[in-house]
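Asks: What follows is target.txt, compact mmCIF, C-alpha atoms.
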# COMPACT_ATOMS: atom_id res chain seq x y z
CA MET W 1 122.32 117.12 127.60
CA ALA W 2 122.44 114.70 124.68
CA LYS W 3 120.63 115.83 121.53
CA ASN W 4 117.45 113.89 120.72
CA ARG W 5 118.38 112.22 117.45
CA ILE W 6 115.15 110.24 117.11
CA PRO W 7 113.18 112.82 115.06
CA ASP W 8 116.06 113.22 112.58
CA GLU W 9 116.51 109.48 112.38
CA ARG W 10 112.79 108.98 111.87
CA ASP W 11 112.70 111.53 109.03
CA ARG W 12 115.64 109.79 107.39
CA LEU W 13 113.91 106.43 107.68
CA VAL W 14 110.65 107.75 106.33
CA ALA W 15 112.39 109.21 103.28
CA SER W 16 114.01 105.85 102.71
CA LEU W 17 110.67 104.03 103.13
CA ALA W 18 109.00 106.40 100.69
CA ALA W 19 111.47 105.22 98.08
CA SER W 20 111.16 101.53 98.81
CA LEU W 21 107.55 100.88 99.84
CA PRO W 22 105.41 99.71 96.93
CA ASN W 23 102.61 101.88 95.62
CA SER W 24 99.73 99.44 95.46
CA GLY W 25 96.92 101.94 95.89
CA GLY W 26 96.14 101.15 99.51
CA ASP W 27 95.43 103.63 102.22
CA TYR W 28 95.70 104.04 105.98
CA GLN W 29 92.86 102.55 108.03
CA VAL W 30 92.64 103.78 111.58
CA SER W 31 91.56 101.23 114.21
CA SER W 32 87.82 100.81 114.57
CA ALA W 33 88.30 101.77 118.22
CA PHE W 34 89.07 105.31 117.11
CA SER W 35 87.37 105.59 113.74
CA SER W 36 83.86 105.19 115.15
CA SER W 37 84.06 108.59 116.84
CA ALA W 38 85.58 110.10 113.69
CA ARG W 39 82.81 108.52 111.60
CA ARG W 40 80.20 110.04 113.87
CA ARG W 41 81.44 113.45 112.81
CA PHE W 42 80.28 112.71 109.28
CA LEU W 43 76.83 111.38 110.11
CA GLY W 44 73.84 113.42 108.98
CA VAL W 45 72.94 115.47 105.94
CA TRP W 46 75.47 117.79 104.34
CA THR W 47 74.72 120.26 101.59
CA VAL W 48 77.22 121.24 98.93
CA VAL W 49 77.63 125.02 99.18
CA GLU W 50 80.55 125.35 96.78
CA HIS W 51 81.66 122.98 94.03
CA THR W 52 84.40 123.54 91.50
CA VAL W 53 86.08 121.36 88.90
CA ASP W 54 89.51 122.48 87.87
CA GLY W 55 88.72 125.87 89.39
CA GLN W 56 85.55 126.26 87.30
CA ALA W 57 82.05 126.26 88.82
CA PHE W 58 80.63 122.74 88.64
CA VAL W 59 77.54 123.79 86.65
CA GLU W 60 79.71 125.19 83.85
CA SER W 61 81.83 122.08 83.81
CA PHE W 62 78.68 119.91 83.81
CA ALA W 63 77.17 121.80 80.86
CA ALA W 64 80.39 121.45 78.92
CA SER W 65 80.45 117.67 79.33
CA ALA W 66 76.78 116.57 79.70
CA LEU W 67 75.24 119.12 77.33
CA HIS W 68 78.03 118.92 74.79
CA GLY W 69 78.88 122.53 75.26
CA ALA W 70 75.32 123.88 75.05
CA THR W 71 74.70 126.80 77.35
CA LEU W 72 72.63 126.13 80.44
CA MET W 73 70.79 129.32 81.21
CA GLU W 74 69.56 130.32 84.66
CA PRO W 75 71.42 127.33 86.06
CA SER W 76 70.58 125.90 89.43
CA TYR W 77 72.55 123.25 91.25
CA SER W 78 71.97 121.49 94.51
CA ALA W 79 73.64 118.44 96.00
CA THR W 80 73.43 116.72 99.35
CA TYR W 81 75.27 113.89 101.05
CA ASP W 82 73.32 111.99 103.68
CA PHE W 83 75.92 110.06 105.67
CA ARG W 84 74.51 107.12 107.59
CA GLU W 85 76.31 104.34 109.45
CA ALA W 86 76.99 102.05 106.52
CA ILE W 87 75.84 104.01 103.53
CA CYS W 88 75.79 107.53 102.20
CA VAL W 89 73.05 108.74 99.88
CA LYS W 90 74.21 111.36 97.41
CA ARG W 91 71.58 113.42 95.60
CA VAL W 92 72.30 115.87 92.82
CA LEU W 93 69.95 118.16 90.90
CA VAL W 94 71.05 120.39 88.05
CA SER W 95 68.41 122.42 86.26
CA GLY W 96 68.09 125.37 83.91
CA LEU W 97 67.01 126.29 80.43
CA ILE W 98 68.55 125.20 77.17
CA ASP W 99 67.91 126.21 73.60
CA LEU W 100 66.75 123.38 71.35
CA GLU W 101 65.76 123.52 67.68
CA ASP W 102 62.12 123.96 68.67
CA GLY W 103 62.83 126.65 71.19
CA ARG W 104 63.92 127.22 74.75
CA THR W 105 63.00 124.46 77.18
CA GLU W 106 63.45 123.41 80.77
CA TYR W 107 66.25 121.00 81.43
CA SER W 108 66.91 118.98 84.56
CA TYR W 109 69.31 116.29 85.60
CA ARG W 110 68.83 114.26 88.75
CA MET W 111 71.07 111.68 90.27
CA SER W 112 70.55 109.67 93.42
CA VAL W 113 73.09 107.09 94.46
CA ALA W 114 73.72 104.97 97.54
CA ILE W 115 77.42 104.75 98.30
CA SER W 116 79.20 102.57 100.82
CA TRP W 117 81.90 104.53 102.59
CA GLU W 118 84.88 103.89 104.76
CA LEU W 119 86.83 106.46 106.60
CA GLY W 120 90.58 106.35 106.24
CA ARG W 121 93.02 108.84 107.60
CA GLY W 122 92.25 112.03 105.70
CA SER W 123 90.30 110.13 103.08
CA LEU W 124 87.04 108.42 102.33
CA THR W 125 86.98 105.25 100.29
CA VAL W 126 83.66 105.14 98.48
CA ARG W 127 81.94 102.61 96.27
CA PRO W 128 78.66 103.33 94.45
CA GLU W 129 76.24 100.50 95.22
CA LEU W 130 72.96 101.40 93.56
CA GLY W 131 71.52 104.46 91.96
CA TYR W 132 69.83 106.14 89.04
CA GLN W 133 70.09 109.26 86.99
CA THR W 134 67.37 110.90 84.95
CA THR W 135 67.39 113.71 82.47
CA SER W 136 64.21 115.52 81.58
CA LEU W 137 63.36 118.08 78.93
CA GLY W 138 60.28 120.26 79.23
CA GLY W 139 59.28 118.34 82.32
CA LYS W 140 59.25 114.99 80.47
CA PRO W 141 61.81 112.23 81.03
CA ALA W 142 64.32 112.14 78.22
CA ALA W 143 66.71 109.54 79.59
CA VAL W 144 66.80 107.26 82.59
CA LYS W 145 69.76 105.21 83.65
CA GLU W 146 70.00 102.84 86.55
CA PHE W 147 73.33 101.63 87.79
CA GLY W 148 74.52 98.97 90.20
CA SER W 149 77.83 98.37 91.84
CA SER W 150 80.78 97.94 89.53
CA GLY W 151 82.88 97.09 92.54
CA GLU W 152 85.12 100.02 91.75
CA LYS W 153 86.25 102.11 94.68
CA ASN W 154 87.41 105.68 94.71
CA ARG W 155 89.40 107.55 97.25
CA ILE W 156 88.28 111.05 98.14
CA ARG W 157 90.42 113.25 100.30
CA CYS W 158 88.45 114.80 103.11
CA ARG W 159 89.03 117.30 105.88
CA PHE W 160 87.10 119.59 108.13
CA ASP W 161 87.57 123.32 107.81
CA GLY W 162 85.67 124.92 110.68
CA GLU W 163 82.00 124.15 110.10
CA PHE W 164 82.69 122.94 106.56
CA LEU W 165 83.53 119.48 105.26
CA ILE W 166 85.85 119.61 102.27
CA LEU W 167 85.84 116.72 99.77
CA GLU W 168 88.55 116.64 97.11
CA GLU W 169 88.82 114.17 94.26
CA ALA W 170 91.57 115.21 91.88
CA GLN W 171 90.42 118.61 90.53
CA ASP W 172 86.89 118.22 91.89
CA VAL W 173 86.54 120.18 95.13
CA LYS W 174 83.37 120.42 97.19
CA ARG W 175 82.67 122.47 100.30
CA LEU W 176 79.78 121.10 102.34
CA LYS W 177 77.84 122.50 105.22
CA ARG W 178 75.86 120.49 107.71
CA GLY W 179 72.09 120.46 107.20
CA ILE W 180 69.85 121.23 104.29
CA GLU W 181 70.30 124.73 102.91
CA MET J 1 92.57 100.65 95.01
CA SER J 2 94.65 97.83 96.38
CA GLU J 3 93.71 94.29 95.38
CA SER J 4 93.33 91.47 97.90
CA LEU J 5 95.74 88.56 98.10
CA LYS J 6 92.97 86.23 96.96
CA SER J 7 92.30 88.24 93.83
CA LEU J 8 96.03 88.22 93.11
CA GLY J 9 96.24 84.45 93.67
CA LEU J 10 98.83 84.85 96.43
CA GLY J 11 98.32 82.33 99.22
CA ILE J 12 101.70 81.91 100.94
CA VAL J 13 102.13 84.83 103.27
CA ALA J 14 105.00 85.58 105.64
CA VAL J 15 104.43 87.76 108.67
CA ALA J 16 107.80 89.34 109.23
CA ASN J 17 109.66 92.15 110.93
CA GLN J 18 113.21 91.91 112.22
CA LYS J 19 112.22 93.78 115.34
CA GLY J 20 110.94 91.52 118.11
CA GLY J 21 107.80 92.10 120.15
CA VAL J 22 105.84 93.84 117.40
CA GLY J 23 103.09 91.23 117.37
CA LYS J 24 104.09 88.85 114.58
CA THR J 25 102.93 85.68 116.32
CA THR J 26 99.74 87.30 117.58
CA THR J 27 99.02 88.54 114.07
CA VAL J 28 99.45 85.03 112.67
CA ILE J 29 97.25 83.51 115.38
CA GLU J 30 94.37 85.95 114.95
CA ILE J 31 94.43 86.18 111.17
CA ALA J 32 94.87 82.44 110.61
CA SER J 33 92.13 81.50 113.06
CA GLY J 34 89.92 84.26 111.67
CA LEU J 35 90.37 82.97 108.13
CA ALA J 36 89.63 79.42 109.29
CA ARG J 37 86.41 80.63 110.90
CA THR J 38 85.24 81.93 107.54
CA GLY J 39 85.66 78.42 106.09
CA GLU J 40 89.10 78.87 104.53
CA LYS J 41 91.63 76.04 104.86
CA VAL J 42 94.70 77.38 106.59
CA LEU J 43 98.17 76.12 107.48
CA VAL J 44 100.36 78.06 109.90
CA VAL J 45 104.11 77.53 109.86
CA ASP J 46 106.02 78.24 113.04
CA GLY J 47 109.29 79.53 111.62
CA ASP J 48 110.38 81.18 114.84
CA PRO J 49 112.67 78.93 116.91
CA GLN J 50 111.13 80.49 120.04
CA GLY J 51 108.15 78.30 119.19
CA ASN J 52 105.49 80.60 120.62
CA LEU J 53 102.98 79.83 117.89
CA SER J 54 103.38 76.11 118.64
CA LEU J 55 103.10 76.79 122.35
CA PHE J 56 99.82 78.60 121.76
CA PHE J 57 98.23 75.95 119.55
CA GLY J 58 99.80 72.95 121.30
CA ALA J 59 102.47 71.26 119.22
CA GLY J 60 102.46 67.78 120.74
CA GLU J 61 105.35 65.37 120.57
CA GLY J 62 105.75 64.80 116.83
CA HIS J 63 108.21 66.10 114.29
CA ASP J 64 108.50 69.78 113.56
CA PHE J 65 109.74 72.42 111.14
CA GLY J 66 113.39 71.83 112.14
CA ASP J 67 113.03 68.09 111.46
CA LEU J 68 111.43 68.89 108.12
CA LEU J 69 114.42 71.02 107.13
CA GLY J 70 116.69 68.16 108.21
CA ALA J 71 114.77 65.70 106.04
CA LEU J 72 114.92 68.04 103.07
CA LEU J 73 118.64 68.54 103.63
CA SER J 74 119.30 64.84 103.54
CA GLY J 75 117.62 64.74 100.15
CA ASP J 76 114.55 62.84 101.34
CA VAL J 77 111.11 63.53 99.97
CA PRO J 78 109.36 63.90 103.31
CA ASN J 79 105.75 62.96 103.86
CA ILE J 80 104.37 66.27 105.10
CA GLU J 81 101.71 64.46 107.13
CA ASP J 82 104.47 63.33 109.50
CA PHE J 83 105.21 66.93 110.43
CA LEU J 84 101.80 68.53 110.70
CA VAL J 85 99.56 68.91 113.71
CA ARG J 86 96.08 68.61 112.27
CA ARG J 87 93.06 70.65 113.30
CA VAL J 88 94.53 72.85 116.01
CA ARG J 89 91.31 74.67 115.24
CA LYS J 90 88.61 73.77 112.74
CA GLY J 91 90.11 74.30 109.28
CA LEU J 92 93.52 75.18 110.73
CA ASP J 93 96.64 72.97 110.68
CA LEU J 94 100.05 73.71 112.20
CA LEU J 95 103.60 72.97 111.12
CA PRO J 96 105.13 73.39 114.57
CA GLY J 97 108.55 74.69 115.47
CA LYS J 98 110.07 73.34 118.66
CA HIS J 99 113.81 73.41 117.97
CA ARG J 100 114.80 76.36 120.12
CA LEU J 101 118.42 75.84 119.06
CA LEU J 102 117.60 75.52 115.38
CA ARG J 103 120.03 78.25 114.40
CA ARG J 104 122.87 76.39 116.10
CA GLU J 105 121.78 73.01 114.79
CA ARG J 106 121.62 74.13 111.17
CA SER J 107 124.33 76.24 109.59
CA GLU J 108 123.48 79.27 107.49
CA GLU J 109 124.86 77.36 104.54
CA ASP J 110 122.45 74.49 105.17
CA MET J 111 119.51 76.88 105.44
CA LEU J 112 120.28 78.49 102.12
CA LYS J 113 120.87 75.11 100.52
CA VAL J 114 117.50 73.77 101.61
CA ALA J 115 115.57 76.98 100.80
CA PRO J 116 114.47 76.00 97.26
CA ALA J 117 113.21 72.58 98.40
CA PHE J 118 111.27 74.17 101.26
CA ALA J 119 109.76 76.73 98.88
CA ASP J 120 108.71 73.95 96.49
CA LEU J 121 107.15 72.01 99.34
CA LEU J 122 105.01 74.99 100.41
CA LEU J 123 104.05 75.66 96.83
CA GLY J 124 102.84 72.06 96.58
CA LEU J 125 100.75 72.55 99.72
CA LYS J 126 98.83 75.39 98.05
CA LYS J 127 96.68 72.66 96.49
CA ARG J 128 95.50 71.65 99.96
CA TYR J 129 95.30 74.99 101.69
CA ASP J 130 93.73 78.31 100.78
CA TRP J 131 96.31 80.06 102.93
CA ILE J 132 99.75 79.27 104.34
CA LEU J 133 100.82 81.80 106.94
CA ILE J 134 104.42 81.82 108.11
CA ASP J 135 105.43 83.22 111.47
CA CYS J 136 108.98 84.52 110.96
CA SER J 137 111.52 85.05 113.70
CA PRO J 138 112.87 88.48 114.61
CA SER J 139 116.26 88.46 112.94
CA ASN J 140 117.76 88.70 109.49
CA GLY J 141 119.70 85.46 109.24
CA ALA J 142 119.51 82.61 106.77
CA LEU J 143 116.43 81.15 108.48
CA GLU J 144 114.40 84.29 107.79
CA ARG J 145 115.63 84.39 104.23
CA LEU J 146 114.56 80.78 103.77
CA LEU J 147 111.09 81.68 105.03
CA VAL J 148 110.71 84.88 103.01
CA ARG J 149 111.98 83.15 99.86
CA ALA J 150 109.22 80.56 100.24
CA CYS J 151 106.43 83.13 100.45
CA GLU J 152 104.53 85.05 97.81
CA ALA J 153 103.60 88.03 99.96
CA VAL J 154 104.78 89.64 103.16
CA ILE J 155 102.76 91.39 105.82
CA VAL J 156 104.75 93.53 108.23
CA PRO J 157 103.49 94.16 111.76
CA LEU J 158 104.89 97.29 113.37
CA GLU J 159 104.72 99.33 116.48
CA PHE J 160 104.56 103.09 116.58
CA GLN J 161 108.22 103.45 117.39
CA LEU J 162 111.49 104.03 115.59
CA PHE J 163 113.11 100.63 116.08
CA SER J 164 110.07 98.92 114.68
CA VAL J 165 109.99 101.19 111.63
CA ALA J 166 113.71 100.51 111.16
CA GLY J 167 112.77 96.82 111.12
CA LEU J 168 110.35 97.59 108.28
CA GLN J 169 113.15 99.08 106.21
CA SER J 170 115.26 95.98 106.84
CA ILE J 171 112.50 93.62 105.77
CA LEU J 172 111.97 95.66 102.60
CA ASP J 173 115.66 95.28 101.81
CA ASP J 174 115.45 91.57 102.56
CA VAL J 175 112.47 91.12 100.27
CA VAL J 176 114.39 92.69 97.41
CA ALA J 177 117.31 90.31 98.04
CA CYS J 178 115.03 87.28 98.48
CA THR J 179 113.10 88.08 95.30
CA ALA J 180 116.34 87.96 93.36
CA GLU J 181 117.33 84.66 95.02
CA ALA J 182 113.89 83.06 94.72
CA GLY J 183 113.37 83.96 91.11
CA HIS J 184 109.73 84.87 91.71
CA GLY J 185 107.97 88.02 92.84
CA ILE J 186 107.49 88.60 96.56
CA ARG J 187 105.04 91.34 97.34
CA VAL J 188 105.15 93.48 100.48
CA HIS J 189 101.39 93.63 100.66
CA ALA J 190 100.34 95.40 103.86
CA LEU J 191 101.56 96.95 107.08
CA ILE J 192 99.82 96.47 110.41
CA PHE J 193 100.43 98.84 113.28
CA THR J 194 99.77 96.88 116.45
CA LYS J 195 99.04 98.23 119.93
CA ALA J 196 97.53 101.40 118.47
CA GLU J 197 96.47 104.13 120.84
CA ASN J 198 94.64 107.36 120.29
CA ARG J 199 95.59 110.91 121.16
CA VAL J 200 99.22 110.04 121.79
CA ALA J 201 101.55 112.52 120.10
CA ARG J 202 104.07 109.89 119.04
CA VAL J 203 101.36 107.71 117.50
CA GLU J 204 99.79 110.70 115.76
CA SER J 205 103.07 111.70 114.19
CA TYR J 206 103.56 108.19 112.77
CA ARG J 207 99.97 108.17 111.49
CA GLU J 208 100.60 111.46 109.77
CA VAL J 209 103.74 110.22 108.06
CA PHE J 210 102.42 106.78 107.06
CA SER J 211 99.15 108.20 105.71
CA ALA J 212 101.15 109.46 102.75
CA PHE J 213 102.14 105.94 101.69
CA ARG J 214 99.95 104.16 99.15
CA ILE J 215 100.12 100.66 100.57
CA PRO J 216 97.35 99.14 102.70
CA ILE J 217 98.07 100.06 106.32
CA PHE J 218 95.92 98.92 109.22
CA GLU J 219 95.86 99.39 112.95
CA ILE J 220 95.07 96.92 115.70
CA CYS J 221 94.04 98.83 118.78
CA LYS J 222 95.79 98.18 122.06
CA SER J 223 93.44 95.83 123.83
CA GLU J 224 93.56 93.91 127.05
CA TYR J 225 91.57 91.17 125.29
CA ILE J 226 94.60 90.13 123.28
CA PRO J 227 97.17 89.33 126.01
CA ARG J 228 94.43 87.98 128.27
CA SER J 229 93.11 85.61 125.61
CA LEU J 230 96.62 84.49 124.58
CA GLU J 231 97.34 83.57 128.19
CA ARG J 232 94.36 81.24 128.04
CA SER J 233 95.27 79.77 124.63
CA ARG J 234 92.22 81.41 123.15
CA THR J 235 92.01 83.47 120.01
CA ILE J 236 90.35 86.87 119.91
CA TRP J 237 87.41 85.15 118.16
CA GLU J 238 86.97 82.87 121.15
CA SER J 239 87.43 85.47 123.87
CA GLY J 240 86.31 88.83 122.51
CA PRO J 241 84.65 88.47 119.12
CA SER J 242 82.90 91.82 119.39
CA SER J 243 85.93 93.70 120.73
CA PHE J 244 87.47 96.54 118.74
CA ALA J 245 90.59 94.41 118.25
CA ALA J 246 88.46 91.65 116.68
CA ARG J 247 86.85 94.23 114.42
CA ASP J 248 90.30 95.44 113.38
CA TYR J 249 91.41 91.90 112.53
CA THR J 250 88.15 91.31 110.66
CA LYS J 251 88.85 94.34 108.52
CA ILE J 252 92.32 93.00 107.68
CA ILE J 253 90.97 89.55 106.85
CA GLU J 254 88.37 91.03 104.54
CA LYS J 255 90.45 93.72 102.87
CA VAL J 256 93.87 92.12 102.68
CA PHE J 257 92.94 88.49 102.19
CA LEU J 258 89.44 87.79 100.98
CA GLU J 259 87.84 90.73 99.21
Can you present the structure in this file as structure tokens?
Replies:
Amino acid sequence: MAKNRIPDERDRLVASLAASLPNSGGDYQVSSAFSSSARRRFLGVWTVVEHTVDGQAFVESFAASALHGATLMEPSYSATYDFREAICVKRVLVSGLIDLEDGRTEYSYRMSVAISWELGRGSLTVRPELGYQTTSLGGKPAAVKEFGSSGEKNRIRCRFDGEFLILEEAQDVKRLKRGIE
Amino acid sequence: MSESLKSLGLGIVAVANQKGGVGKTTTVIEIASGLARTGEKVLVVDGDPQGNLSLFFGAGEGHDFGDLLGALLSGDVPNIEDFLVRRVRKGLDLLPGKHRLLRRERSEEDMLKVAPAFADLLLGLKKRYDWILIDCSPSNGALERLLVRACEAVIVPLEFQLFSVAGLQSILDDVVACTAEAGHGIRVHALIFTKAENRVARVESYREVFSAFRIPIFEICKSEYIPRSLERSRTIWESGPSSFAARDYTKIIEKVFLE
């Protein structure tokens, strides 16, 4: 029987295409006929149960950047993604205690942002549309920032691992579980 | 993220693949008519001597693309109005192609000779049209090179099969050659897999492989609406505007062209 040369030939072609296709930052969009069922898999509330940045727990990484290296004691972190048909609402709360000149005080950071999302193949293309973030010290607002859409889109790699949804953006890796923990 | 053709200022777009039957003409019909429905001014150029695009829109008895090349070859400055079929749909004009024997009538040498004048003519038409879409024929002769040289961007329709993907490689090679000849950049902007199916191993394996490429890639689902509507000279917007295929074309129009 003749050997099936198609797979070899296809691999050769793909290698050649990889060298000659331009890299213009686009991604693969599955037909809407098939993506609607895939999208349905995302719908609902997901809670972040594990979040690392460059292998480090997110809270530590957050303190290093947002608190300029100050130590966040008794840290608490919660984040949810509420995927709806056209929009996803992301909510983040980081809280703990920090030492200021006038003593130890409660610190909290909240962010809530509405994100438009599109499902690609193995990726989500997201664009923040509207949101706010607040920081409070000792229970009083210290900073409030509102933000609108900059039009900028980001691609987040996504996959399902059993009951978990894994979101990866460069070194930022989140493991989410369905429902509110 | 990838920028749209509009944001890049690229309005002359060839739809090309050297493999036949991948959906080039259908892609031109649905995208051009879809763009026109959004209020854009569109010209479609039937560069395929088979003339299927002209058959679909109704070419009439007037002059065509082959006559235009002849006029350019003789050194005339043709009045483009003499060659266009106006308003085949609202906002959509057609430069028809009816010379089925065009390749025999015009030598390869002639085609290459007239290529710069044809490119200049299309460039001049950019003042009148938001978009000029060129339906290329499935081969890699001088006619296709003339068409690709005249465009600013190329969209490649494909099927989930080896011969079609081989056609993609050929068009990429052609674009490199045409860019050198044309003296301006020609961008391979997007790929469109037509006749997409789900849960078919062959399709899945191509999806897997092409997901790694960082160029906009879209799918048009296999839909009975498309052949049925083409048979009746109707676009997907006229026969199945809420079909999945229409949604797929809408996504392409928004992401590739207008966003």
Asks: Edge lengths and centre, in Å to one decimal, as JSON: that's what I need for the box along x, y and z that holds all listed atoms of stretch 9-24 of chain J plus 8 Å on each side.
Replies:
{"center_x": 104.7, "center_y": 87.9, "center_z": 106.9, "size_x": 33.0, "size_y": 27.9, "size_z": 42.5}
Asks: Chain J residues within 7 Å of chain W, counting only C-alpha atoms: which ones, as a PDB file with C-alpha atoms, in the coordinates of the input?
Replies:
ATOM      1  CA  MET J   1      92.570 100.650  95.010  1.00  0.00           C
ATOM      2  CA  SER J   2      94.650  97.830  96.380  1.00  0.00           C
ATOM      3  CA  LEU J 162     111.490 104.030 115.590  1.00  0.00           C
ATOM      4  CA  ALA J 166     113.710 100.510 111.160  1.00  0.00           C
ATOM      5  CA  GLN J 169     113.150  99.080 106.210  1.00  0.00           C
ATOM      6  CA  ASN J 198      94.640 107.360 120.290  1.00  0.00           C
ATOM      7  CA  SER J 211      99.150 108.200 105.710  1.00  0.00           C
ATOM      8  CA  PHE J 213     102.140 105.940 101.690  1.00  0.00           C
ATOM      9  CA  ARG J 214      99.950 104.160  99.150  1.00  0.00           C
ATOM     10  CA  ILE J 215     100.120 100.660 100.570  1.00  0.00           C
ATOM     11  CA  PRO J 216      97.350  99.140 102.700  1.00  0.00           C
ATOM     12  CA  ILE J 217      98.070 100.060 106.320  1.00  0.00           C
ATOM     13  CA  PHE J 218      95.920  98.920 109.220  1.00  0.00           C
ATOM     14  CA  GLU J 219      95.860  99.390 112.950  1.00  0.00           C
ATOM     15  CA  ILE J 220      95.070  96.920 115.700  1.00  0.00           C
ATOM     16  CA  CYS J 221      94.040  98.830 118.780  1.00  0.00           C
ATOM     17  CA  PHE J 244      87.470  96.540 118.740  1.00  0.00           C
ATOM     18  CA  ARG J 247      86.850  94.230 114.420  1.00  0.00           C
ATOM     19  CA  ASP J 248      90.300  95.440 113.380  1.00  0.00           C
TER      20      ASP J 248
END
Asks: One number please: atom CA of J:Tyr249 to atom CA of J:Ile31, in Å, one decimal.
Replies: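 That distance, rounded to one decimal, is 6.6 Å.
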Asks: Could you work out how far atom CA of W:Arg127 lies from atom CA of J:Lys255, giving the answer in Å with one decimal?
Replies: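 Straight-line distance from atom CA of J:Lys255 to atom CA of W:Arg127 works out to 14.0 Å.
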Asks: Skip W:Tyr109 itself and residues of its chain fewer than 4 positions away, then list as JSON, numbers by chain all residues within 10 Å of it, counting all atoms listed in the file.
Replies: {"W": [66, 77, 92, 93, 94, 95, 96, 133, 134, 135, 136, 137, 141, 142, 143, 144]}
Asks: I'd like the neighbourhood of W:Leu43 as a PDB file with C-alpha atoms, in the frame of the given file, where a residue qualifies if any of its atoms comes within 8 Å (using only C-alpha atoms), though same-chain residues fewer than 5 positions away should be ignored.
Replies:
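After the write, around38.pdb holds the following:
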ATOM      1  CA  ASP W  82      73.320 111.990 103.680  1.00  0.00           C
ATOM      2  CA  PHE W  83      75.920 110.060 105.670  1.00  0.00           C
ATOM      3  CA  ARG W  84      74.510 107.120 107.590  1.00  0.00           C
ATOM      4  CA  GLU W  85      76.310 104.340 109.450  1.00  0.00           C
TER       5      GLU W  85
END
Asks: Could you tell me how far atom CA of J:Gln161 lies from atom CA of J:Val209, in Å and to one decimal?
Replies: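 Going from atom CA of J:Gln161 over to atom CA of J:Val209 covers 12.4 Å.
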Asks: From the options J:Ile171, J:Ala153, J:Ser205, J:Glu224, which residue's atoms come nearest to J:Leu133, counting all atoms listed in the file?
Replies: J:Ala153
Asks: Quick one: everything within 8 Å of stretch 51-55 of chain J, counting all atoms listed in the file, minus sequence neighbours fewer than 5 positions away in the same chain. Send it as an mmCIF file with C-alpha atoms, keeping the file's coordinate frame.
Replies:
data_model
loop_
_atom_site.group_PDB
_atom_site.id
_atom_site.type_symbol
_atom_site.label_atom_id
_atom_site.label_comp_id
_atom_site.auth_asym_id
_atom_site.auth_seq_id
_atom_site.Cartn_x
_atom_site.Cartn_y
_atom_site.Cartn_z
ATOM 1 C CA THR J 25 102.930 85.680 116.320
ATOM 2 C CA ILE J 29 97.250 83.510 115.380
ATOM 3 C CA ASP J 46 106.020 78.240 113.040
ATOM 4 C CA LEU J 94 100.050 73.710 112.200
ATOM 5 C CA PRO J 96 105.130 73.390 114.570
ATOM 6 C CA GLY J 97 108.550 74.690 115.470
ATOM 7 C CA LYS J 98 110.070 73.340 118.660
ATOM 8 C CA HIS J 99 113.810 73.410 117.970
ATOM 9 C CA ARG J 100 114.800 76.360 120.120
ATOM 10 C CA ASP J 135 105.430 83.220 111.470
#
Asks: Would you mind telling me which residue in W:Asp54, W:Glu169, W:Asp161, W:Glu118 lies nearest to W:Arg39 when using only C-alpha atoms?
Replies: W:Glu118
Asks: Check the smallest atom-to-atom distance from each of J:Leu102, J:Val15, J:Val77, J:Ser7 to J:Val188 using only C-alpha atoms, then report the winner.
Replies: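 Closest to J:Val188 of all the choices is J:Val15.
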Asks: Which residue gives the smallest distance to W:Glu129 among W:Lys3, W:Lys90, W:Arg40, W:His51, with all atoms listed in the file counted?
Replies: W:Lys90
Asks: Residues near stretch 114-128 of chain J, anyone? I mean within 9 Å using all atoms listed in the file, not counting same-chain ones fewer than 6 positions away, as a list in words.
Replies: Gly11, Ile12, Lys41, Val42, Leu43, Leu68, Leu69, Gly70, Leu72, Leu73, Ile80, Leu143, Arg145, Leu146, Leu147, Arg149, Ala150, Cys151 and Ala182 of chain J
Asks: Please provide the set of residues having any atom within 8 Å of J:Phe160, restricted to only C-alpha atoms, with same-chain residues fewer than 3 positions apart removed, written as a count of residues only.
Replies: 8
Asks: Nearest to J:Gly9 among J:Arg86, J:Arg187, J:Lys251, J:Arg228, with distances taken over all atoms listed in the file: which residue is it?
Replies: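 Ranking J:Arg86, J:Arg187, J:Lys251, J:Arg228 by distance to J:Gly9, first place goes to J:Arg187.
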